[in-house]
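File shown: my_file-v8.cif (mmCIF, C-alpha atoms).
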```
data_coords
loop_
_atom_site.label_atom_id
_atom_site.label_comp_id
_atom_site.auth_asym_id
_atom_site.auth_seq_id
_atom_site.Cartn_x
_atom_site.Cartn_y
_atom_site.Cartn_z
CA MET A 1 32.60 -2.13 -41.03
CA GLU A 2 31.31 -2.03 -37.47
CA THR A 3 27.60 -1.80 -36.92
CA SER A 4 26.58 0.20 -33.86
CA LYS A 5 24.46 -1.52 -31.25
CA GLU A 6 21.92 0.17 -29.07
CA GLU A 7 20.54 -1.21 -25.85
CA ILE A 8 16.94 -0.41 -25.26
CA LYS A 9 15.31 -0.78 -21.87
CA LYS A 10 12.27 -3.01 -21.81
CA LEU A 11 9.88 -4.31 -19.18
CA GLN A 12 8.29 -7.70 -18.66
CA VAL A 13 5.51 -8.17 -16.12
CA VAL A 14 4.86 -11.48 -14.44
CA LYS A 15 1.57 -11.64 -12.56
CA PHE A 16 0.12 -14.29 -10.31
CA THR A 17 -2.53 -14.52 -7.60
CA VAL A 18 -1.67 -15.72 -4.11
CA LYS A 19 -4.19 -16.95 -1.54
CA LYS A 20 -3.84 -15.96 2.10
CA GLY A 21 -1.31 -18.17 3.89
CA GLU A 22 -0.39 -20.04 0.72
CA THR A 23 2.92 -20.84 -0.98
CA PHE A 24 2.66 -20.22 -4.71
CA GLU A 25 5.12 -21.34 -7.36
CA PHE A 26 5.30 -19.53 -10.68
CA ASN A 27 7.07 -21.03 -13.68
CA GLY A 28 7.43 -19.11 -16.90
CA ASN A 29 9.91 -17.74 -19.42
CA THR A 30 11.52 -14.41 -20.19
CA LYS A 31 10.66 -12.88 -23.54
CA THR A 32 12.60 -14.17 -26.52
CA GLU A 33 13.25 -10.70 -27.88
CA HIS A 34 14.84 -9.48 -24.62
CA ASP A 35 18.58 -10.09 -24.30
CA ARG A 36 19.39 -9.59 -20.62
CA ILE A 37 17.49 -9.19 -17.37
CA LYS A 38 19.11 -6.29 -15.50
CA GLY A 39 16.88 -5.98 -12.46
CA LEU A 40 13.59 -6.80 -10.80
CA PHE A 41 11.14 -5.46 -8.25
CA LEU A 42 7.60 -6.25 -7.33
CA ARG A 43 4.30 -4.79 -6.19
CA LEU A 44 1.40 -6.31 -4.29
CA SER A 45 -2.22 -5.37 -4.93
CA ASN A 46 -2.58 -5.46 -1.13
CA PRO A 47 0.51 -4.08 0.68
CA ALA A 48 -1.02 -5.12 4.03
CA ALA A 49 0.09 -8.67 3.14
CA LEU A 50 3.78 -7.63 3.06
CA PRO A 51 4.94 -8.33 6.64
CA GLY A 52 6.48 -11.77 6.86
CA ALA A 53 6.07 -12.67 3.17
CA THR A 54 9.18 -14.22 1.58
CA LEU A 55 10.24 -15.28 -1.88
CA ARG A 56 12.90 -17.07 -3.90
CA VAL A 57 13.67 -16.34 -7.54
CA TRP A 58 15.62 -18.10 -10.26
CA ILE A 59 16.31 -16.69 -13.73
CA ASP A 60 17.94 -18.89 -16.34
CA ASP A 61 18.38 -21.58 -13.65
CA THR A 62 20.51 -19.23 -11.53
CA GLU A 63 19.24 -18.34 -8.09
CA ILE A 64 18.91 -14.55 -8.06
CA ILE A 65 17.03 -14.07 -4.80
CA PRO A 66 17.85 -16.64 -2.11
CA ASP A 67 15.22 -18.51 -0.13
CA ASP A 68 13.55 -16.65 2.73
CA THR A 69 14.24 -13.16 1.41
CA GLU A 70 11.61 -10.76 2.66
CA VAL A 71 9.35 -9.45 -0.06
CA ALA A 72 9.36 -6.03 1.64
CA LEU A 73 12.98 -5.53 0.50
CA LEU A 74 11.99 -5.68 -3.15
CA HIS A 75 8.56 -4.13 -2.90
CA HIS A 76 8.02 -0.85 -4.67
CA SER A 77 5.71 1.60 -2.88
CA ASP A 78 4.26 4.78 -4.31
CA ASP A 79 6.66 6.98 -2.37
CA MET A 80 9.82 5.41 -3.76
CA SER A 81 11.69 5.51 -7.03
CA ILE A 82 12.12 2.31 -9.02
CA SER A 83 15.88 2.73 -9.16
CA ASP A 84 16.01 2.70 -5.33
CA VAL A 85 14.08 -0.52 -5.06
CA ALA A 86 15.04 -2.60 -8.08
CA PHE A 87 17.35 -5.49 -7.31
CA ALA A 88 20.24 -5.38 -9.77
CA THR A 89 21.04 -8.54 -11.67
CA ASP A 90 22.51 -9.52 -15.02
CA GLU A 91 21.14 -12.77 -16.39
CA LYS A 92 20.39 -14.04 -19.87
CA ALA A 93 16.84 -13.54 -21.08
CA LYS A 94 15.98 -14.94 -24.56
CA ASN A 95 13.21 -17.25 -23.43
CA SER A 96 15.14 -18.43 -20.36
CA PRO A 97 13.12 -19.99 -17.54
CA ILE A 98 11.88 -17.91 -14.58
CA ARG A 99 10.89 -19.61 -11.37
CA ILE A 100 9.42 -17.77 -8.39
CA ILE A 101 8.35 -19.31 -5.09
CA TYR A 102 6.26 -16.85 -3.12
CA LYS A 103 5.34 -17.65 0.51
CA ASP A 104 2.57 -15.61 2.01
CA ASN A 105 2.49 -15.26 5.78
CA SER A 106 -0.55 -13.12 6.30
CA GLU A 107 -2.93 -15.66 7.93
CA ASN A 108 -3.50 -13.53 10.99
CA LEU A 109 -3.63 -10.26 9.12
CA ALA A 110 -7.03 -8.92 8.16
CA VAL A 111 -6.27 -8.92 4.47
CA GLU A 112 -8.46 -10.17 1.65
CA ASP A 113 -8.53 -13.88 0.84
CA GLU A 114 -6.28 -13.41 -2.17
CA PHE A 115 -4.18 -10.72 -3.76
CA ASP A 116 -2.17 -10.17 -6.92
CA VAL A 117 1.61 -10.11 -7.09
CA ARG A 118 3.25 -8.41 -10.07
CA VAL A 119 6.95 -9.01 -10.63
CA TYR A 120 8.55 -6.46 -12.95
CA LEU A 121 11.62 -7.61 -14.85
CA LEU A 122 13.81 -4.79 -16.12
CA ALA A 123 15.21 -6.07 -19.39
CA GLU A 124 17.51 -4.89 -22.14
CA GLN A 125 17.16 -5.50 -25.82
CA THR A 126 20.08 -4.97 -28.17
CA VAL A 127 19.11 -3.34 -31.43
CA LYS A 128 21.60 -3.29 -34.27
CA MET B 1 27.85 -9.22 -9.23
CA LYS B 2 26.61 -9.09 -5.67
CA LYS B 3 24.76 -11.98 -4.19
CA TYR B 4 22.91 -12.46 -0.93
CA ALA B 5 22.73 -15.24 1.60
CA VAL B 6 19.87 -15.29 4.08
CA ILE B 7 20.15 -16.86 7.54
CA SER B 8 16.77 -17.18 9.27
CA HIS B 9 15.96 -18.11 12.83
CA GLU B 10 12.78 -18.39 14.78
CA ILE B 11 13.09 -17.29 18.41
CA SER B 12 10.30 -17.91 20.86
CA SER B 13 9.54 -15.99 24.04
CA ASN B 14 12.61 -15.25 26.14
CA LYS B 15 15.17 -17.36 24.35
CA HIS B 16 18.58 -16.15 23.33
CA LEU B 17 20.46 -17.44 20.29
CA ASN B 18 24.00 -18.69 19.82
CA VAL B 19 24.51 -20.60 16.59
CA GLN B 20 27.17 -21.23 14.01
CA GLU B 21 26.21 -21.12 10.34
CA LEU B 22 28.26 -22.08 7.32
CA LEU B 23 28.55 -19.39 4.67
CA PRO B 24 28.15 -20.32 0.97
CA ALA B 25 31.29 -21.84 -0.55
CA SER B 26 31.37 -19.19 -3.29
CA CYS B 27 31.38 -16.39 -0.71
CA ARG B 28 34.90 -14.93 -0.81
CA LEU B 29 34.30 -11.32 0.13
CA ILE B 30 31.58 -9.98 2.42
CA THR B 31 30.58 -6.51 1.23
CA GLY B 32 27.64 -5.88 3.53
CA VAL B 33 25.37 -7.14 6.25
CA PHE B 34 21.97 -6.26 7.59
CA VAL B 35 19.59 -7.73 10.11
CA THR B 36 15.79 -7.62 10.28
CA ALA B 37 13.45 -8.86 12.96
CA GLN B 38 9.74 -9.46 12.72
CA ALA B 39 7.73 -10.22 15.85
CA LYS B 40 4.32 -11.61 15.07
CA GLU B 41 1.49 -11.68 17.54
CA ILE B 42 -2.10 -12.79 17.35
CA ALA B 43 -4.05 -9.58 17.71
CA PRO B 44 -7.73 -8.85 17.39
CA GLN B 45 -8.96 -7.24 14.20
CA LYS B 46 -9.88 -3.62 14.46
CA GLN B 47 -12.96 -2.10 12.88
CA THR B 48 -12.02 0.90 10.83
CA THR B 49 -13.34 2.94 7.92
CA VAL B 50 -11.84 3.48 4.49
CA PRO B 51 -12.92 6.63 2.62
CA LEU B 52 -14.50 6.15 -0.78
CA SER B 53 -13.81 8.53 -3.62
CA PHE B 54 -16.05 11.57 -3.69
CA PRO B 55 -18.68 11.08 -6.45
CA GLN B 56 -18.35 14.60 -7.80
CA ARG B 57 -19.53 13.92 -11.34
CA LEU B 58 -22.55 11.99 -10.11
CA ILE B 59 -23.56 14.77 -7.71
CA GLU B 60 -23.10 17.40 -10.43
CA ASN B 61 -25.34 15.37 -12.74
CA LEU B 62 -27.95 14.99 -10.02
CA LEU B 63 -27.91 18.72 -9.39
CA GLU B 64 -28.64 19.24 -13.10
CA LEU B 65 -31.91 17.29 -12.79
CA GLU B 66 -34.99 19.29 -13.60
CA ALA B 67 -36.50 18.22 -10.27
CA ILE B 68 -33.85 20.30 -8.52
CA ARG B 69 -33.08 23.08 -10.98
CA GLY B 70 -36.76 23.78 -11.51
CA LEU B 71 -37.17 24.61 -7.83
CA PHE B 72 -34.97 27.65 -7.90
CA TYR B 73 -36.35 29.65 -10.76
CA SER B 74 -37.92 32.67 -9.10
CA TYR B 75 -39.27 30.89 -6.01
CA LEU B 76 -36.59 31.56 -3.48
CA LYS B 77 -35.85 35.05 -4.75
CA THR B 78 -39.43 36.24 -4.33
CA ARG B 79 -39.51 35.76 -0.55
CA SER B 80 -39.49 39.16 1.11
CA ILE B 81 -37.90 38.23 4.44
CA SER B 82 -35.22 35.76 5.42
CA GLU B 83 -37.49 33.70 7.68
CA GLU B 84 -39.96 33.17 4.84
CA ALA B 85 -37.14 32.10 2.52
CA ILE B 86 -35.82 29.61 5.09
CA SER B 87 -39.29 28.25 5.75
CA PHE B 88 -39.92 27.84 2.03
CA PHE B 89 -36.56 26.15 1.54
CA ASN B 90 -37.25 23.69 4.38
CA ARG B 91 -40.75 22.94 3.15
CA GLU B 92 -40.31 22.71 -0.61
CA MET B 93 -36.65 22.27 -1.52
CA LEU B 94 -34.92 20.35 1.24
CA PRO B 95 -37.12 17.23 0.90
CA VAL B 96 -36.26 17.09 -2.82
CA PHE B 97 -32.52 17.28 -2.10
CA ILE B 98 -32.81 14.58 0.52
CA LYS B 99 -34.84 12.31 -1.75
CA VAL B 100 -32.46 12.65 -4.70
CA PHE B 101 -29.23 12.15 -2.72
CA ARG B 102 -30.67 9.31 -0.69
CA GLU B 103 -31.89 7.30 -3.66
CA ARG B 104 -29.49 8.16 -6.44
CA ILE B 105 -26.07 7.85 -4.78
CA VAL B 106 -25.14 4.19 -4.38
CA PHE B 107 -21.74 2.51 -4.12
CA ASP B 108 -21.51 -1.08 -5.37
CA CYS B 109 -19.23 -2.05 -2.50
CA TRP B 110 -21.92 -1.26 0.10
CA SER B 111 -24.03 -4.02 1.60
CA GLU B 112 -27.73 -3.54 2.33
CA GLU B 113 -26.96 -2.42 5.89
CA GLU B 114 -24.25 -0.01 4.76
CA LEU B 115 -26.57 1.49 2.15
CA LEU B 116 -29.27 1.99 4.76
CA SER B 117 -26.72 3.53 7.10
CA TYR B 118 -25.66 5.96 4.35
CA LYS B 119 -29.29 6.92 3.70
CA ASN B 120 -29.76 7.75 7.37
CA ARG B 121 -26.50 9.70 7.47
CA ILE B 122 -27.28 11.87 4.47
CA THR B 123 -30.84 12.51 5.65
CA ASP B 124 -29.64 13.63 9.08
CA LEU B 125 -26.85 15.76 7.67
CA LEU B 126 -28.98 17.62 5.12
CA ASP B 127 -31.80 18.02 7.62
CA GLN B 128 -29.65 19.44 10.36
CA LYS B 129 -26.92 21.39 8.62
CA LEU B 130 -27.68 22.39 5.03
CA VAL B 131 -29.98 25.28 5.85
CA THR B 132 -27.56 26.70 8.41
CA TYR B 133 -24.73 26.43 5.89
CA LEU B 134 -26.63 28.15 3.08
CA PHE B 135 -28.37 30.91 5.00
CA ASP B 136 -25.94 31.65 7.83
CA GLU B 137 -22.53 30.85 6.44
CA LEU B 138 -23.09 31.82 2.80
CA ASN B 139 -25.72 34.49 3.41
CA LEU B 140 -28.02 33.08 0.76
CA PHE B 141 -30.87 35.51 1.37
CA GLU B 142 -28.70 38.57 0.73
CA LYS B 143 -27.14 36.92 -2.32
CA SER B 144 -30.60 36.39 -3.82
CA LYS B 145 -30.99 40.15 -4.09
CA GLU B 146 -27.68 40.66 -5.91
CA LEU B 147 -27.66 37.83 -8.46
CA THR B 148 -29.75 37.08 -11.52
CA THR B 149 -31.99 34.02 -11.32
CA ALA B 150 -29.65 31.90 -13.42
CA ASP B 151 -26.56 32.92 -11.43
CA PHE B 152 -28.42 32.42 -8.17
CA THR B 153 -29.36 28.88 -9.21
CA GLU B 154 -25.74 28.12 -10.06
CA PHE B 155 -24.65 29.58 -6.76
CA ILE B 156 -26.93 27.29 -4.75
CA LEU B 157 -25.98 24.22 -6.74
CA GLN B 158 -22.28 24.92 -6.30
CA ALA B 159 -22.84 25.53 -2.58
CA VAL B 160 -24.60 22.17 -2.18
CA LEU B 161 -21.76 20.40 -3.98
CA GLU B 162 -19.25 22.08 -1.70
CA PHE B 163 -21.31 21.21 1.36
CA LEU B 164 -21.30 17.52 0.43
CA TYR B 165 -17.58 17.66 -0.32
CA ARG B 166 -16.85 19.09 3.14
CA HIS B 167 -18.67 16.16 4.72
CA ARG B 168 -17.37 13.48 2.37
CA TYR B 169 -15.53 11.53 5.07
CA HIS B 170 -18.69 11.42 7.14
CA LEU B 171 -20.87 10.33 4.21
CA PHE B 172 -18.87 8.17 1.79
CA PHE B 173 -16.90 5.44 3.50
CA LYS B 174 -16.76 1.69 3.85
CA GLU B 175 -16.27 -0.20 7.09
CA VAL B 176 -13.47 -2.76 6.99
CA GLN B 177 -11.65 -5.05 9.38
CA GLU B 178 -8.01 -4.15 9.79
CA TYR B 179 -5.10 -5.78 11.54
CA GLN B 180 -3.23 -3.42 13.79
CA GLN B 181 0.37 -3.72 12.68
CA PRO B 182 2.62 -4.62 15.62
CA LYS B 183 4.58 -1.68 16.96
CA LEU B 184 8.30 -1.48 16.47
CA TYR B 185 10.54 -1.94 19.49
CA GLU B 186 14.18 -2.65 20.32
CA CYS B 187 14.19 -6.39 20.79
CA GLY B 188 17.85 -7.18 21.49
CA ASN B 189 21.49 -7.07 20.49
CA ILE B 190 23.20 -9.13 17.86
CA SER B 191 26.85 -9.96 17.33
CA LEU B 192 28.22 -11.59 14.17
CA LEU B 193 31.59 -13.24 14.27
CA VAL B 194 33.37 -14.60 11.21
CA ASN B 195 35.50 -17.73 11.71
CA GLY B 196 35.50 -17.10 15.44
CA ASN B 197 37.91 -14.20 15.29
CA SER B 198 36.55 -11.24 13.34
CA PHE B 199 33.51 -9.23 14.38
CA LEU B 200 31.18 -7.98 11.68
CA LEU B 201 28.69 -6.64 14.18
CA ARG B 202 29.15 -6.35 17.93
CA ASP B 203 26.17 -5.76 20.21
CA TYR B 204 24.29 -4.18 17.33
CA THR B 205 20.80 -3.12 18.45
CA VAL B 206 18.02 -4.81 16.52
CA THR B 207 14.64 -3.13 16.14
CA ALA B 208 11.74 -5.47 15.48
CA ASN B 209 8.85 -4.70 13.11
CA ARG B 210 10.65 -1.92 11.33
CA LYS B 211 9.18 -0.87 8.03
CA ILE B 212 11.90 -1.92 5.63
CA LYS B 213 11.91 0.05 2.41
CA THR B 214 14.86 -0.64 0.21
CA LEU B 215 17.46 -3.35 0.20
CA GLN B 216 20.25 -1.02 -0.91
CA LYS B 217 19.72 1.44 1.92
CA GLU B 218 19.51 -1.21 4.61
CA VAL B 219 22.91 -2.80 3.98
CA VAL B 220 25.72 -1.91 6.38
CA PRO B 221 28.86 -1.95 4.19
CA PHE B 222 31.83 -4.13 5.05
CA TYR B 223 34.99 -5.41 3.46
CA GLU B 224 35.73 -8.86 4.83
CA PRO B 225 37.74 -11.32 2.68
CA LEU B 226 37.01 -14.94 3.52
CA GLU B 227 38.57 -18.35 3.11
CA VAL B 228 36.68 -21.29 1.66
CA ASN B 229 34.02 -22.77 3.97
CA SER B 230 34.02 -19.88 6.37
CA SER B 231 31.51 -19.88 9.20
CA LEU B 232 29.47 -17.21 10.89
CA GLN B 233 28.75 -17.19 14.62
CA LEU B 234 25.46 -15.51 15.42
CA ILE B 235 24.80 -14.40 19.00
CA PHE B 236 21.51 -12.73 19.76
CA LYS B 237 20.53 -11.51 23.23
CA ASN B 238 16.83 -11.02 23.64
CA THR B 239 16.42 -7.89 25.80
CA GLN B 240 12.66 -7.51 25.47
CA PRO B 241 11.21 -10.99 25.78
CA ILE B 242 7.46 -10.95 25.48
CA LYS B 243 5.50 -14.02 26.45
CA GLY B 244 3.67 -15.68 23.61
CA ARG B 245 5.42 -13.70 20.93
CA THR B 246 7.55 -15.46 18.31
CA MET B 247 10.27 -13.51 16.58
CA PHE B 248 11.75 -14.17 13.16
CA LEU B 249 15.31 -12.97 12.87
CA LYS B 250 16.88 -12.75 9.42
CA THR B 251 20.50 -11.95 8.70
CA TYR B 252 21.36 -10.97 5.13
CA ILE B 253 24.96 -11.33 4.00
CA GLU B 254 25.84 -9.44 0.84
CA TYR B 255 28.90 -10.86 -0.88
CA GLU B 256 30.91 -10.97 -4.08
CA HIS B 257 31.03 -14.44 -5.49
CA GLU B 258 33.58 -16.14 -7.67
#
```
Give the structure from the file, written as structure tokens.
Amino acid sequence: METSKEEIKKLQVVKFTVKKGETFEFNGNTKTEHDRIKGLFLRLSNPAALPGATLRVWIDDTEIIPDDTEVALLHHSDDMSISDVAFATDEKAKNSPIRIIYKDNSENLAVEDEFDVRVYLLAEQTVK
Amino acid sequence: MKKYAVISHEISSNKHLNVQELLPASCRLITGVFVTAQAKEIAPQKQTTVPLSFPQRLIENLLELEAIRGLFYSYLKTRSISEEAISFFNREMLPVFIKVFRERIVFDCWSEEELLSYKNRITDLLDQKLVTYLFDELNLFEKSKELTTADFTEFILQAVLEFLYRHRYHLFFKEVQEYQQPKLYECGNISLLVNGNSFLLRDYTVTANRKIKTLQKEVVPFYEPLEVNSSLQLIFKNTQPIKGRTMFLKTYIEYEHE
């Protein structure tokens, strides 16, 4: 007898703090209970630090976002919908490694000395 | 699943660009392209103000204080002519308003100087404009004849709240240093040539410092099948060279991979 499966949308938030002009590397894991990562976007606590900032992202040892991709392309602002901004992907979750290299380029911008970056992973969990 | 390759170049002053780049080996079908340019310049910081949120609840609580409410019961209503009422208001009530709003409204983000500046601002504003607002604009003296004491008190308190709300940008702000974002401008033309014989873009105008919003909407769609180890020729003509300005040109190739 077949059992029906349901895919439930879930969210995982990865947060780190970046200092002005710094390159920050984040290493972590996706949640064990999530099955797949279907997309990602991010938000900065200080959007003035966006111009020139770049990032590179791996999920499950697969490069999702290549080096030197502008953060502005994946940044969600208040006047946009998440579905417009989220970068579509399809990688295994289940405690797989996440690696993010974030390069800030705001030295000559009058922003605060540090700001928070939140990366939102759109995940799916299969429920039997 | 779509993937992206990013080709970045730094172009200084009046230089043009003519380079050949190797595309990723797994890139077999180009489905889109887009180009962004960011021109950074060292610019002075600009002093600007950021409005703070209007402390409505705090002001309402302050207006409930006995020191203020107690002033209104019967006093203002018993003045027989408008000039007497205004004189009484200036003499007895205005100093109380000024004292309460000067001392009791404080924002944590203000420094000592900013707090002092706020105190001077609110003193000047209440001194110069509150009476005119109440008696000329709202016709307070005539209202005192129509309303009961309790309603009249409420009317004045509401009017003061509204008066402060109208001047909120003048009263409640913080001075900050801000970088003036560089203006956008058409910086040049770009041509992209695949394997030396197929144009993806030809003399495509590039605008620098554009506010890029979404990846999906930026991509110019293409359908370009490729062989293994294909190369991309990138020719950029700088039409607006500005001395001392470095430009960062990024070309994004969207492709289907094997």
Quiz item: What is the atom CA of Ile253 of chain B to atom CA of Ile98 of chain A distance in Å?
Solution: 23.7 Å
Quiz item: Applied to this file, what does the PyMOL selection byres ((chain A) within 9 of (chain B)) return in terms of residues, put as a PyMOL selection string?
Solution: chain A and resi 48+51-52+64-70+72-77+80+84-90+108-111
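Take atom CA of Ile81 of chain B and atom CA of Phe155 of chain B: the distance between them is 19.4 Å.
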Exercise. With the file shown as input, list the residues that the PyMOL selection byres ((chain A and resi 58) around 10) selects, as a PyMOL selection string.
Key: chain A and resi 27+56-57+59-66+91+97-101
Practice problem: Run through the PyMOL selection byres ((chain A and resi 17) around 10) on the given coordinates and return the selected residues as number ranges by chain. | Solution: A: 15-16, 18-20, 24, 26, 44-45, 114-118
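A straight line drawn from atom CA of Asp104 of chain A to atom CA of Arg43 of chain A is 13.7 Å long.
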Self-check item: Residue neighbourhood Leu71 of chain B, 10 Å, all atoms listed in the file, exclusion window fewer than 5 positions, as a ChimeraX atom specification
Solution: /B:66,76,89,92-93,96,153
Quiz prompt | Thr207 of chain B surroundings by only C-alpha atoms, 6 Å radius, close-in-sequence under 3 positions cut, as a PyMOL selection string | solution = chain B and resi 185-187
Practice problem: For a cut-off of 6 Å around (28.5, -15.9, 7.1), file coordinates, pick out all residues using all atoms listed in the file and list them as number ranges by chain. | Solution: B: 23, 231-232
